[in-house]
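> My questions will all concern the structure given below.
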Amino acid sequence: METGGNSLPSGPDGVKRKVCYFYDPEVGNYYYGQGHPMKPHRIRMTHALLAHYGLLQHMQVLKPFPARDRDLCRFHADDYVAFLRSITPETQQDQLRHLKRFNVGEDCPVFDGLYSFCQTYAGGSVGGAVKLNHGLCDIAINWSGGLHHAKKCEASGFCYVNDIVLAILELLKQHERVLYVDIDIHHGDGVEEAFYTTDRVMTVSFHKFGDYFPDDESYHFLFKPIIGKVMEIFKPGAVILQCGADSLSGDRLGCFNLSIKGHAECVKFMRSFNVPLLLLGGGGYTIRNVARCWCYETGVALGMEVDDKMPQHEYYEYFGPDYTLHVAPSNMENKNSRRLLDEIRSNLLDNLSKLQHAPSVQFQERPPNTELPEVCILQLLWMKIRMMGMRDGIQVLHGCDDERAKREIIKTETKDLFRYSGESERNCCILEARKTADETTSTKALDAGPMQVDESSVKIERENVNKTSDSVFYKS
Ligand SMILES: [Zn+2]
């Protein structure tokens, strides 16, 4: 059974999408430390593949403008952001109390350039949301983003600032409802928590919970009908897909058994709805496969099928002995019986059908480019959907952790959630590494390594973003 998603053309014969791709040539230099599984170098490897497969010339390539303190503080606590800005490997011994308080040190180590790293990856995701809001592209991509575990005042699971929450806040300026879908093997908990009490954001996370080792077939047996139903019921104005690649077969930390094509099928499916789409990275710890996956998924976003045979490039030796884009998934046993998957699917679809359709937001009419007085809006608290994953193969939709409330899908509490602030208009400065048609089609440009983005083609574009009255704040 397929619910939606296939009515619009997608793929090589379908409508071409305008794609913006955010990449900072510095990002691959950040280093979490020896033995740490999170390696920003994988972003540079992905970029090298995109360059040598000739995909960059089909997208607008943008260098993100680093997120500023106040951008990060739209979600994060001021003292946490100040801490991230000031901490260095040299000074951390004097900050033990703060390290503990902000959960920085072990999984989330202090490393050189930590704050710039955060500014870069958050800047890419927020920049993508701005581009989508302005209708300047159909799909925006930031493979350095997707750090879904970061909390308001705490680092978690290799994540320091939550670029996804910041991007959603940006999209909410333009769209009544935003859907967040997470295919990382881990729970997108930071994003879920941030928007737990608003009906304007739905978060759907497919992740490991108990003994669940899906292959492509069993994953999509659930993913497609569920997401199809979510799209039909929630009717989001924009979608963020977190493409964590630790759900791939053979991941250093993960244990799912998805092929790259199976993983990318999620991108293809989301794309087919023709809703503004932000694609982000996330986990992924067998870095050669992460680069393979995100390169292939960039091709999917563009509607271009790329060759399995990999072109020669500076990281070619990582991909031996086959030097192909695709790798065979493992022969691990699929522990999900058809009967259980059927049961899970029908329970989920049943729960989804009980939700309020396309909850509307009680917006005041919002004249553009003028300041509104501060106004509090009462919101209907709509139960957040979480797909908690599998326990003994049973996946359930939870409204919240309380057992009684789990069965009660729609709850009508009111809560004042949004504060519309009259933040003054500001100019947003976007650094663009824009390639002209000539540059991108020349051999010179194709041969350029990822670190050799021609700085002369990088220009500063002053973009009047008119961030006026429609800023939505979750902090008060
Ligand atoms: Zn993960």
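Residue numbering restarts at 1 for every chain of the structure tokens, chains are lettered A, B, ... in their displayed order, and ligands are numbered from 1 as they appear.
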7 Å from ligand 1 is the threshold here; counting only C-alpha atoms and all ligand atoms, which polymer residues fall inside it? Answer as a ChimeraX atom specification.
/A:184-186,244,246,282-284
> Which residues are near segment 259-266 of chain A? Cut-off 10 Å, only C-alpha atoms, ignore same chain within fewer than 2 positions. Put them as a ChimeraX atom specification.
/A:181-184,215-217,219-220,223-224,227,241,243-245,247-250,256-257,268-272,289-290,292-294,296-301,325-330
> Write the residues you've just listed into a file as a short mmCIF file (atom, residue, chain, number, x, y, z; two decimals), in the first residue's frame, and include N, CA and C atoms for each of them.

```cif
data_model
loop_
_atom_site.label_atom_id
_atom_site.label_comp_id
_atom_site.auth_asym_id
_atom_site.auth_seq_id
_atom_site.Cartn_x
_atom_site.Cartn_y
_atom_site.Cartn_z
N VAL A 181 11.77 14.85 9.44
CA VAL A 181 11.90 13.38 9.31
C VAL A 181 13.37 13.03 9.52
N ASP A 182 13.61 12.00 10.30
CA ASP A 182 14.96 11.66 10.74
C ASP A 182 15.23 10.18 10.46
N ILE A 183 16.21 9.90 9.57
CA ILE A 183 16.50 8.50 9.24
C ILE A 183 17.87 8.06 9.76
N ASP A 184 18.44 8.84 10.65
CA ASP A 184 19.64 8.45 11.40
C ASP A 184 19.27 7.21 12.23
N ASP A 215 16.29 -4.21 6.78
CA ASP A 215 16.92 -4.08 5.47
C ASP A 215 16.04 -3.11 4.66
N ASP A 216 16.40 -2.92 3.41
CA ASP A 216 15.68 -1.93 2.59
C ASP A 216 14.18 -2.22 2.54
N GLU A 217 13.88 -3.51 2.34
CA GLU A 217 12.47 -3.85 2.11
C GLU A 217 11.62 -3.58 3.35
N TYR A 219 12.33 -1.66 5.86
CA TYR A 219 12.35 -0.21 6.19
C TYR A 219 11.27 0.52 5.40
N HIS A 220 11.23 0.26 4.10
CA HIS A 220 10.29 1.00 3.26
C HIS A 220 8.87 0.48 3.34
N PHE A 223 8.34 3.02 6.08
CA PHE A 223 8.64 4.43 5.79
C PHE A 223 7.63 5.05 4.81
N LYS A 224 7.42 4.40 3.71
CA LYS A 224 6.62 5.03 2.66
C LYS A 224 5.16 5.23 3.05
N ILE A 227 5.10 7.92 6.02
CA ILE A 227 5.39 9.29 5.60
C ILE A 227 4.31 9.80 4.63
N LEU A 241 14.71 16.75 6.02
CA LEU A 241 15.06 15.32 6.12
C LEU A 241 16.49 15.22 6.63
N CYS A 243 19.51 13.06 7.09
CA CYS A 243 19.94 11.85 6.39
C CYS A 243 21.12 11.19 7.10
N GLY A 244 21.06 11.05 8.41
CA GLY A 244 22.12 10.37 9.15
C GLY A 244 22.46 9.06 8.46
N ALA A 245 23.74 8.84 8.19
CA ALA A 245 24.15 7.68 7.40
C ALA A 245 24.65 6.53 8.28
N SER A 247 22.65 4.62 9.65
CA SER A 247 21.67 3.55 9.44
C SER A 247 22.06 2.68 8.24
N LEU A 248 23.20 2.98 7.62
CA LEU A 248 23.66 2.15 6.50
C LEU A 248 24.27 0.85 7.01
N SER A 249 24.19 -0.14 6.18
CA SER A 249 24.86 -1.41 6.46
C SER A 249 26.36 -1.16 6.66
N GLY A 250 26.93 -1.82 7.67
CA GLY A 250 28.38 -1.74 7.87
C GLY A 250 28.85 -0.49 8.57
N PHE A 256 21.97 -1.18 11.46
CA PHE A 256 20.92 -1.44 10.48
C PHE A 256 21.57 -2.05 9.24
N ASN A 257 20.75 -2.39 8.29
CA ASN A 257 21.29 -3.06 7.10
C ASN A 257 20.76 -2.42 5.83
N LYS A 268 14.38 10.24 -2.25
CA LYS A 268 13.59 10.21 -3.48
C LYS A 268 12.10 10.35 -3.15
N PHE A 269 11.71 9.66 -2.12
CA PHE A 269 10.29 9.68 -1.73
C PHE A 269 9.88 11.06 -1.22
N MET A 270 10.71 11.66 -0.35
CA MET A 270 10.38 12.99 0.17
C MET A 270 10.35 14.01 -0.96
N ARG A 271 11.29 13.88 -1.87
CA ARG A 271 11.40 14.80 -3.00
C ARG A 271 10.15 14.75 -3.88
N SER A 272 9.55 13.58 -3.96
CA SER A 272 8.44 13.40 -4.88
C SER A 272 7.20 14.21 -4.48
N ASN A 289 31.57 5.19 3.38
CA ASN A 289 30.18 4.94 3.00
C ASN A 289 29.30 6.18 3.18
N VAL A 290 29.68 7.01 4.14
CA VAL A 290 28.94 8.27 4.32
C VAL A 290 29.10 9.13 3.07
N ARG A 292 29.90 8.14 0.07
CA ARG A 292 29.18 7.48 -1.02
C ARG A 292 27.69 7.84 -0.97
N CYS A 293 27.13 7.71 0.22
CA CYS A 293 25.70 7.89 0.41
C CYS A 293 25.27 9.33 0.10
N TRP A 294 25.98 10.29 0.67
CA TRP A 294 25.54 11.69 0.49
C TRP A 294 25.82 12.18 -0.92
N TYR A 296 25.50 10.15 -3.58
CA TYR A 296 24.39 9.55 -4.33
C TYR A 296 23.09 10.32 -4.07
N GLU A 297 22.89 10.72 -2.81
CA GLU A 297 21.65 11.42 -2.46
C GLU A 297 21.61 12.83 -3.05
N THR A 298 22.78 13.44 -3.23
CA THR A 298 22.81 14.73 -3.93
C THR A 298 22.35 14.52 -5.37
N GLY A 299 22.80 13.43 -5.98
CA GLY A 299 22.34 13.08 -7.33
C GLY A 299 20.83 12.88 -7.37
N VAL A 300 20.30 12.21 -6.36
CA VAL A 300 18.85 12.01 -6.28
C VAL A 300 18.13 13.35 -6.20
N ALA A 301 18.66 14.25 -5.37
CA ALA A 301 18.04 15.58 -5.24
C ALA A 301 18.00 16.28 -6.59
N LEU A 325 30.56 3.19 -6.19
CA LEU A 325 29.74 4.02 -5.31
C LEU A 325 28.88 3.14 -4.40
N HIS A 326 28.41 2.04 -4.93
CA HIS A 326 27.51 1.19 -4.14
C HIS A 326 28.26 0.01 -3.54
N VAL A 327 27.82 -0.37 -2.36
CA VAL A 327 28.41 -1.54 -1.70
C VAL A 327 27.28 -2.48 -1.31
N ALA A 328 27.57 -3.78 -1.37
CA ALA A 328 26.52 -4.74 -1.04
C ALA A 328 26.24 -4.71 0.46
N PRO A 329 24.96 -4.72 0.84
CA PRO A 329 24.67 -4.82 2.27
C PRO A 329 25.09 -6.18 2.81
N SER A 330 25.14 -6.32 4.11
CA SER A 330 25.61 -7.57 4.70
C SER A 330 24.49 -8.62 4.63
#
```
> Each residue of segment 33-122 of chain A with at least one atom at most 12 Å from segment 131-139 of chain A should appear once, together with its nearest atom pair and the corresponding distance in Å (one decimal); atoms considered: only C-alpha atoms; ordering: chain, then increasing residue number; output as a Markdown table.

```
| residue | atom | partner | partner_atom | distance |
| --- | --- | --- | --- | --- |
| A:Met59 | CA | A:Cys137 | CA | 9.6 |
| A:Gln60 | CA | A:Cys137 | CA | 8.9 |
| A:Val61 | CA | A:Cys137 | CA | 11.8 |
| A:Leu62 | CA | A:Lys131 | CA | 10.6 |
| A:Pro64 | CA | A:Lys131 | CA | 11.3 |
```
> List the spatial neighbours of Lys151 of chain A as a VMD selection string - criterion: any atom at most 10 Å away, only C-alpha atoms, same-chain residues fewer than 4 positions off excluded.
chain A and resid 75 to 77 102 155 to 156 159 to 162 165 189 to 191 193 to 194
> Please save C-alpha atoms of the selected residues as a compact mmCIF listing (two decimals), in the first residue's frame.

```txt
# COMPACT_ATOMS: atom_id res chain seq x y z
CA PHE A 75 17.23 28.29 20.57
CA HIS A 76 20.22 27.89 22.85
CA ALA A 77 20.73 29.46 26.25
CA PHE A 102 27.07 21.61 29.66
CA ALA A 155 25.84 19.17 24.21
CA SER A 156 24.91 15.57 23.49
CA CYS A 159 26.37 17.53 18.79
CA TYR A 160 26.92 21.00 20.30
CA VAL A 161 24.39 23.29 18.68
CA ASN A 162 21.19 22.07 17.11
CA VAL A 165 16.04 23.38 15.45
CA ASP A 189 15.66 13.63 20.44
CA GLY A 190 16.98 17.19 20.51
CA VAL A 191 14.63 18.28 17.75
CA GLU A 193 12.21 17.97 22.60
CA ALA A 194 12.50 21.51 21.21
```
> Nearest residue to Val306 of chain A out of A:Leu277, A:Leu50, A:Ile168, A:Met38, using only C-alpha atoms?
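Smallest separation from Val306 of chain A among the options: A:Leu50.
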> I'd like the neighbourhood of segment 114-119 of chain A as JSON, numbers by chain, where a residue qualifies if any of its atoms comes within 9 Å (using only C-alpha atoms), though same-chain residues fewer than 2 positions away should be ignored.
{"A": [26, 27, 30, 31, 32, 65, 66, 67, 68, 69, 72, 81, 84, 85, 86, 87, 88, 109, 110, 111, 112, 121, 122, 123, 124, 159, 160, 161, 162, 163]}
> Do you have the atom CA of Leu280 of chain A-atom CA of Tyr80 of chain A distance handy?
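Distance reported for this atom pair: 23.7 Å.
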> What's the separation between atom CA of Pro311 of chain A and atom CA of Arg42 of chain A, in Å to one decimal place?
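Rounded to one decimal, the two atoms are 17.1 Å apart.
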> Mind the document's chain letters and residue numbers, and return as an mmCIF file with N, CA and C atoms, in the first residue's frame the residues of segment 115-245 of chain A that DSSP labels alpha helix (DSSP H).

```cif
data_model
loop_
_atom_site.group_PDB
_atom_site.id
_atom_site.type_symbol
_atom_site.label_atom_id
_atom_site.label_comp_id
_atom_site.auth_asym_id
_atom_site.auth_seq_id
_atom_site.Cartn_x
_atom_site.Cartn_y
_atom_site.Cartn_z
ATOM 1 N N TYR A 115 33.957 26.380 18.251
ATOM 2 C CA TYR A 115 32.867 27.340 18.065
ATOM 3 C C TYR A 115 32.676 27.693 16.581
ATOM 4 N N SER A 116 33.793 27.845 15.871
ATOM 5 C CA SER A 116 33.659 28.125 14.422
ATOM 6 C C SER A 116 32.999 26.965 13.714
ATOM 7 N N PHE A 117 33.316 25.771 14.136
ATOM 8 C CA PHE A 117 32.677 24.580 13.553
ATOM 9 C C PHE A 117 31.163 24.674 13.731
ATOM 10 N N CYS A 118 30.740 25.003 14.957
ATOM 11 C CA CYS A 118 29.299 25.141 15.227
ATOM 12 C C CYS A 118 28.686 26.239 14.360
ATOM 13 N N GLN A 119 29.382 27.365 14.268
ATOM 14 C CA GLN A 119 28.860 28.481 13.466
ATOM 15 C C GLN A 119 28.721 28.091 12.001
ATOM 16 N N THR A 120 29.675 27.293 11.534
ATOM 17 C CA THR A 120 29.670 26.887 10.126
ATOM 18 C C THR A 120 28.518 25.934 9.830
ATOM 19 N N TYR A 121 28.406 24.875 10.637
ATOM 20 C CA TYR A 121 27.360 23.914 10.285
ATOM 21 C C TYR A 121 25.967 24.461 10.542
ATOM 22 N N ALA A 122 25.833 25.314 11.571
ATOM 23 C CA ALA A 122 24.525 25.925 11.811
ATOM 24 C C ALA A 122 24.213 26.958 10.725
ATOM 25 N N GLY A 123 25.260 27.680 10.308
ATOM 26 C CA GLY A 123 25.069 28.684 9.255
ATOM 27 C C GLY A 123 24.575 28.059 7.953
ATOM 28 N N GLY A 124 25.061 26.882 7.639
ATOM 29 C CA GLY A 124 24.615 26.190 6.425
ATOM 30 C C GLY A 124 23.143 25.802 6.491
ATOM 31 N N SER A 125 22.711 25.300 7.632
ATOM 32 C CA SER A 125 21.314 24.860 7.750
ATOM 33 C C SER A 125 20.351 26.044 7.760
ATOM 34 N N VAL A 126 20.715 27.094 8.509
ATOM 35 C CA VAL A 126 19.857 28.282 8.541
ATOM 36 C C VAL A 126 19.860 28.953 7.159
ATOM 37 N N GLY A 127 21.039 28.987 6.534
ATOM 38 C CA GLY A 127 21.128 29.552 5.180
ATOM 39 C C GLY A 127 20.240 28.780 4.200
ATOM 40 N N GLY A 128 20.204 27.484 4.327
ATOM 41 C CA GLY A 128 19.337 26.655 3.478
ATOM 42 C C GLY A 128 17.870 27.000 3.696
ATOM 43 N N ALA A 129 17.499 27.187 4.954
ATOM 44 C CA ALA A 129 16.109 27.537 5.271
ATOM 45 C C ALA A 129 15.756 28.903 4.687
ATOM 46 N N VAL A 130 16.702 29.847 4.748
ATOM 47 C CA VAL A 130 16.457 31.188 4.195
ATOM 48 C C VAL A 130 16.246 31.095 2.679
ATOM 49 N N LYS A 131 17.089 30.318 2.022
ATOM 50 C CA LYS A 131 16.946 30.151 0.568
ATOM 51 C C LYS A 131 15.581 29.555 0.212
ATOM 52 N N LEU A 132 15.172 28.569 0.966
ATOM 53 C CA LEU A 132 13.868 27.946 0.713
ATOM 54 C C LEU A 132 12.743 28.944 0.977
ATOM 55 N N ASN A 133 12.868 29.688 2.079
ATOM 56 C CA ASN A 133 11.834 30.671 2.418
ATOM 57 C C ASN A 133 11.658 31.715 1.315
ATOM 58 N N ASP A 163 21.507 22.672 14.803
ATOM 59 C CA ASP A 163 21.249 23.415 13.567
ATOM 60 C C ASP A 163 19.870 23.115 13.008
ATOM 61 N N ILE A 164 19.345 21.925 13.321
ATOM 62 C CA ILE A 164 18.031 21.550 12.775
ATOM 63 C C ILE A 164 16.939 22.401 13.414
ATOM 64 N N VAL A 165 17.022 22.544 14.752
ATOM 65 C CA VAL A 165 16.041 23.381 15.448
ATOM 66 C C VAL A 165 16.098 24.810 14.896
ATOM 67 N N LEU A 166 17.322 25.313 14.695
ATOM 68 C CA LEU A 166 17.475 26.681 14.187
ATOM 69 C C LEU A 166 16.888 26.814 12.778
ATOM 70 N N ALA A 167 17.091 25.794 11.958
ATOM 71 C CA ALA A 167 16.543 25.836 10.594
ATOM 72 C C ALA A 167 15.020 25.754 10.624
ATOM 73 N N ILE A 168 14.485 24.947 11.517
ATOM 74 C CA ILE A 168 13.024 24.855 11.624
ATOM 75 C C ILE A 168 12.446 26.204 12.067
ATOM 76 N N LEU A 169 13.097 26.833 13.043
ATOM 77 C CA LEU A 169 12.629 28.154 13.489
ATOM 78 C C LEU A 169 12.610 29.142 12.326
ATOM 79 N N GLU A 170 13.617 29.038 11.479
ATOM 80 C CA GLU A 170 13.667 29.916 10.304
ATOM 81 C C GLU A 170 12.507 29.594 9.353
ATOM 82 N N LEU A 171 12.288 28.316 9.100
ATOM 83 C CA LEU A 171 11.205 27.924 8.180
ATOM 84 C C LEU A 171 9.835 28.319 8.716
ATOM 85 N N ASP A 189 16.266 13.186 19.178
ATOM 86 C CA ASP A 189 15.656 13.628 20.443
ATOM 87 C C ASP A 189 15.730 15.132 20.690
ATOM 88 N N GLY A 190 16.848 15.756 20.265
ATOM 89 C CA GLY A 190 16.978 17.193 20.515
ATOM 90 C C GLY A 190 15.920 18.000 19.771
ATOM 91 N N VAL A 191 15.616 17.571 18.569
ATOM 92 C CA VAL A 191 14.630 18.275 17.750
ATOM 93 C C VAL A 191 13.232 18.021 18.303
ATOM 94 N N GLU A 192 12.978 16.772 18.640
ATOM 95 C CA GLU A 192 11.672 16.413 19.196
ATOM 96 C C GLU A 192 11.375 17.217 20.461
ATOM 97 N N GLU A 193 12.391 17.279 21.333
ATOM 98 C CA GLU A 193 12.211 17.973 22.605
ATOM 99 C C GLU A 193 11.937 19.464 22.388
ATOM 100 N N ALA A 194 12.645 20.059 21.451
ATOM 101 C CA ALA A 194 12.499 21.505 21.210
ATOM 102 C C ALA A 194 11.081 21.873 20.781
ATOM 103 N N ASP A 216 16.397 -2.918 3.412
ATOM 104 C CA ASP A 216 15.676 -1.932 2.585
ATOM 105 C C ASP A 216 14.183 -2.223 2.538
ATOM 106 N N GLU A 217 13.875 -3.506 2.336
ATOM 107 C CA GLU A 217 12.468 -3.850 2.106
ATOM 108 C C GLU A 217 11.620 -3.575 3.350
ATOM 109 N N SER A 218 12.098 -4.023 4.501
ATOM 110 C CA SER A 218 11.274 -3.836 5.694
ATOM 111 C C SER A 218 11.255 -2.372 6.135
ATOM 112 N N TYR A 219 12.328 -1.657 5.862
ATOM 113 C CA TYR A 219 12.354 -0.213 6.190
ATOM 114 C C TYR A 219 11.269 0.517 5.399
ATOM 115 N N HIS A 220 11.232 0.255 4.104
ATOM 116 C CA HIS A 220 10.287 1.001 3.260
ATOM 117 C C HIS A 220 8.872 0.483 3.341
ATOM 118 N N PHE A 221 8.730 -0.735 3.818
ATOM 119 C CA PHE A 221 7.400 -1.254 4.103
ATOM 120 C C PHE A 221 6.718 -0.340 5.136
ATOM 121 N N LEU A 222 7.541 0.269 6.020
ATOM 122 C CA LEU A 222 7.016 1.223 7.009
ATOM 123 C C LEU A 222 7.169 2.668 6.555
ATOM 124 N N PHE A 223 8.338 3.016 6.077
ATOM 125 C CA PHE A 223 8.637 4.433 5.791
ATOM 126 C C PHE A 223 7.631 5.051 4.814
ATOM 127 N N LYS A 224 7.423 4.398 3.708
ATOM 128 C CA LYS A 224 6.618 5.030 2.655
ATOM 129 C C LYS A 224 5.158 5.232 3.053
ATOM 130 N N PRO A 225 4.470 4.194 3.511
ATOM 131 C CA PRO A 225 3.068 4.456 3.879
ATOM 132 C C PRO A 225 2.928 5.427 5.044
ATOM 133 N N ILE A 226 3.867 5.368 5.981
ATOM 134 C CA ILE A 226 3.759 6.256 7.144
ATOM 135 C C ILE A 226 4.027 7.702 6.755
ATOM 136 N N ILE A 227 5.096 7.923 6.023
ATOM 137 C CA ILE A 227 5.388 9.294 5.597
ATOM 138 C C ILE A 227 4.305 9.796 4.630
ATOM 139 N N GLY A 228 3.823 8.906 3.783
ATOM 140 C CA GLY A 228 2.730 9.298 2.885
ATOM 141 C C GLY A 228 1.525 9.781 3.674
ATOM 142 N N LYS A 229 1.199 9.054 4.724
ATOM 143 C CA LYS A 229 0.060 9.418 5.566
ATOM 144 C C LYS A 229 0.324 10.723 6.322
ATOM 145 N N VAL A 230 1.548 10.868 6.820
ATOM 146 C CA VAL A 230 1.924 12.094 7.535
ATOM 147 C C VAL A 230 1.783 13.301 6.603
ATOM 148 N N MET A 231 2.247 13.153 5.374
ATOM 149 C CA MET A 231 2.154 14.261 4.411
ATOM 150 C C MET A 231 0.690 14.606 4.128
ATOM 151 N N GLU A 232 -0.116 13.577 4.028
ATOM 152 C CA GLU A 232 -1.537 13.778 3.723
ATOM 153 C C GLU A 232 -2.246 14.484 4.880
ATOM 154 N N ILE A 233 -1.899 14.094 6.098
ATOM 155 C CA ILE A 233 -2.611 14.627 7.255
ATOM 156 C C ILE A 233 -2.037 15.951 7.734
ATOM 157 N N PHE A 234 -0.733 16.040 7.791
ATOM 158 C CA PHE A 234 -0.099 17.221 8.392
ATOM 159 C C PHE A 234 0.040 18.374 7.383
#
```
> In segment 68-288 of chain A, what's strand (DSSP E or B) per DSSP? Answer as a PyMOL selection string?
chain A and resi 139-142+151+154+156+159+178-182+201-205+215+238-242+248+257-258+277-280
> Emit the selected residues as a CSV table (one decimal), in the first residue's frame, including C-alpha atoms.

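Okay, again-v7.csv is ready:
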```csv
chain,number,residue,atom,x,y,z
A,139,ILE,CA,15.9,21.7,-2.3
A,140,ALA,CA,18.7,23.0,-0.1
A,141,ILE,CA,21.5,20.7,1.1
A,142,ASN,CA,23.9,21.0,4.0
A,151,LYS,CA,19.8,20.5,23.6
A,154,GLU,CA,23.7,21.0,26.7
A,156,SER,CA,24.9,15.6,23.5
A,159,CYS,CA,26.4,17.5,18.8
A,178,VAL,CA,7.2,22.1,9.2
A,179,LEU,CA,7.8,18.4,9.1
A,180,TYR,CA,11.0,16.9,10.4
A,181,VAL,CA,11.9,13.4,9.3
A,182,ASP,CA,15.0,11.7,10.7
A,201,VAL,CA,6.2,21.1,13.9
A,202,MET,CA,5.8,17.3,13.5
A,203,THR,CA,8.9,15.2,14.2
A,204,VAL,CA,9.1,11.6,12.9
A,205,SER,CA,12.2,9.6,13.8
A,215,ASP,CA,16.9,-4.1,5.5
A,238,ALA,CA,8.4,22.6,4.2
A,239,VAL,CA,10.2,19.4,5.1
A,240,ILE,CA,13.6,18.8,6.7
A,241,LEU,CA,15.1,15.3,6.1
A,242,GLN,CA,18.0,14.4,8.4
A,248,LEU,CA,23.7,2.2,6.5
A,257,ASN,CA,21.3,-3.1,7.1
A,258,LEU,CA,20.3,-0.4,4.6
A,277,LEU,CA,13.0,20.3,1.2
A,278,LEU,CA,16.1,20.8,3.3
A,279,LEU,CA,18.5,17.8,3.3
A,280,LEU,CA,20.9,17.6,6.2
```
> When you look at Arg200 of chain A with a cut-off of 8 Å (counting only C-alpha atoms), what residues show up, excluding the ones that are within fewer than 2 positions of it in the same chain? I need them as a CSV table (one decimal) with C-alpha atoms, in the first residue's frame.

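What landed in part_37.csv:
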```csv
chain,number,residue,atom,x,y,z
A,172,LEU,CA,8.4,28.7,10.6
A,176,GLU,CA,2.6,27.3,9.1
A,177,ARG,CA,3.8,23.8,9.5
A,178,VAL,CA,7.2,22.1,9.2
A,198,THR,CA,3.7,22.9,19.3
A,202,MET,CA,5.8,17.3,13.5
A,359,PRO,CA,-3.7,22.1,12.3
A,361,VAL,CA,-2.0,28.4,13.1
```
> By how many Å are atom CA of Leu99 of chain A and atom CA of Phe195 of chain A apart?
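Computed distance, atom CA of Leu99 of chain A to atom CA of Phe195 of chain A, equals 25.9 Å.
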> Taking only C-alpha atoms into account, which of A:Asn29, A:His47, A:His175, A:Ala358 comes nearest Val275 of chain A?
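Of the candidates, the smallest distance to Val275 of chain A is held by A:His175.
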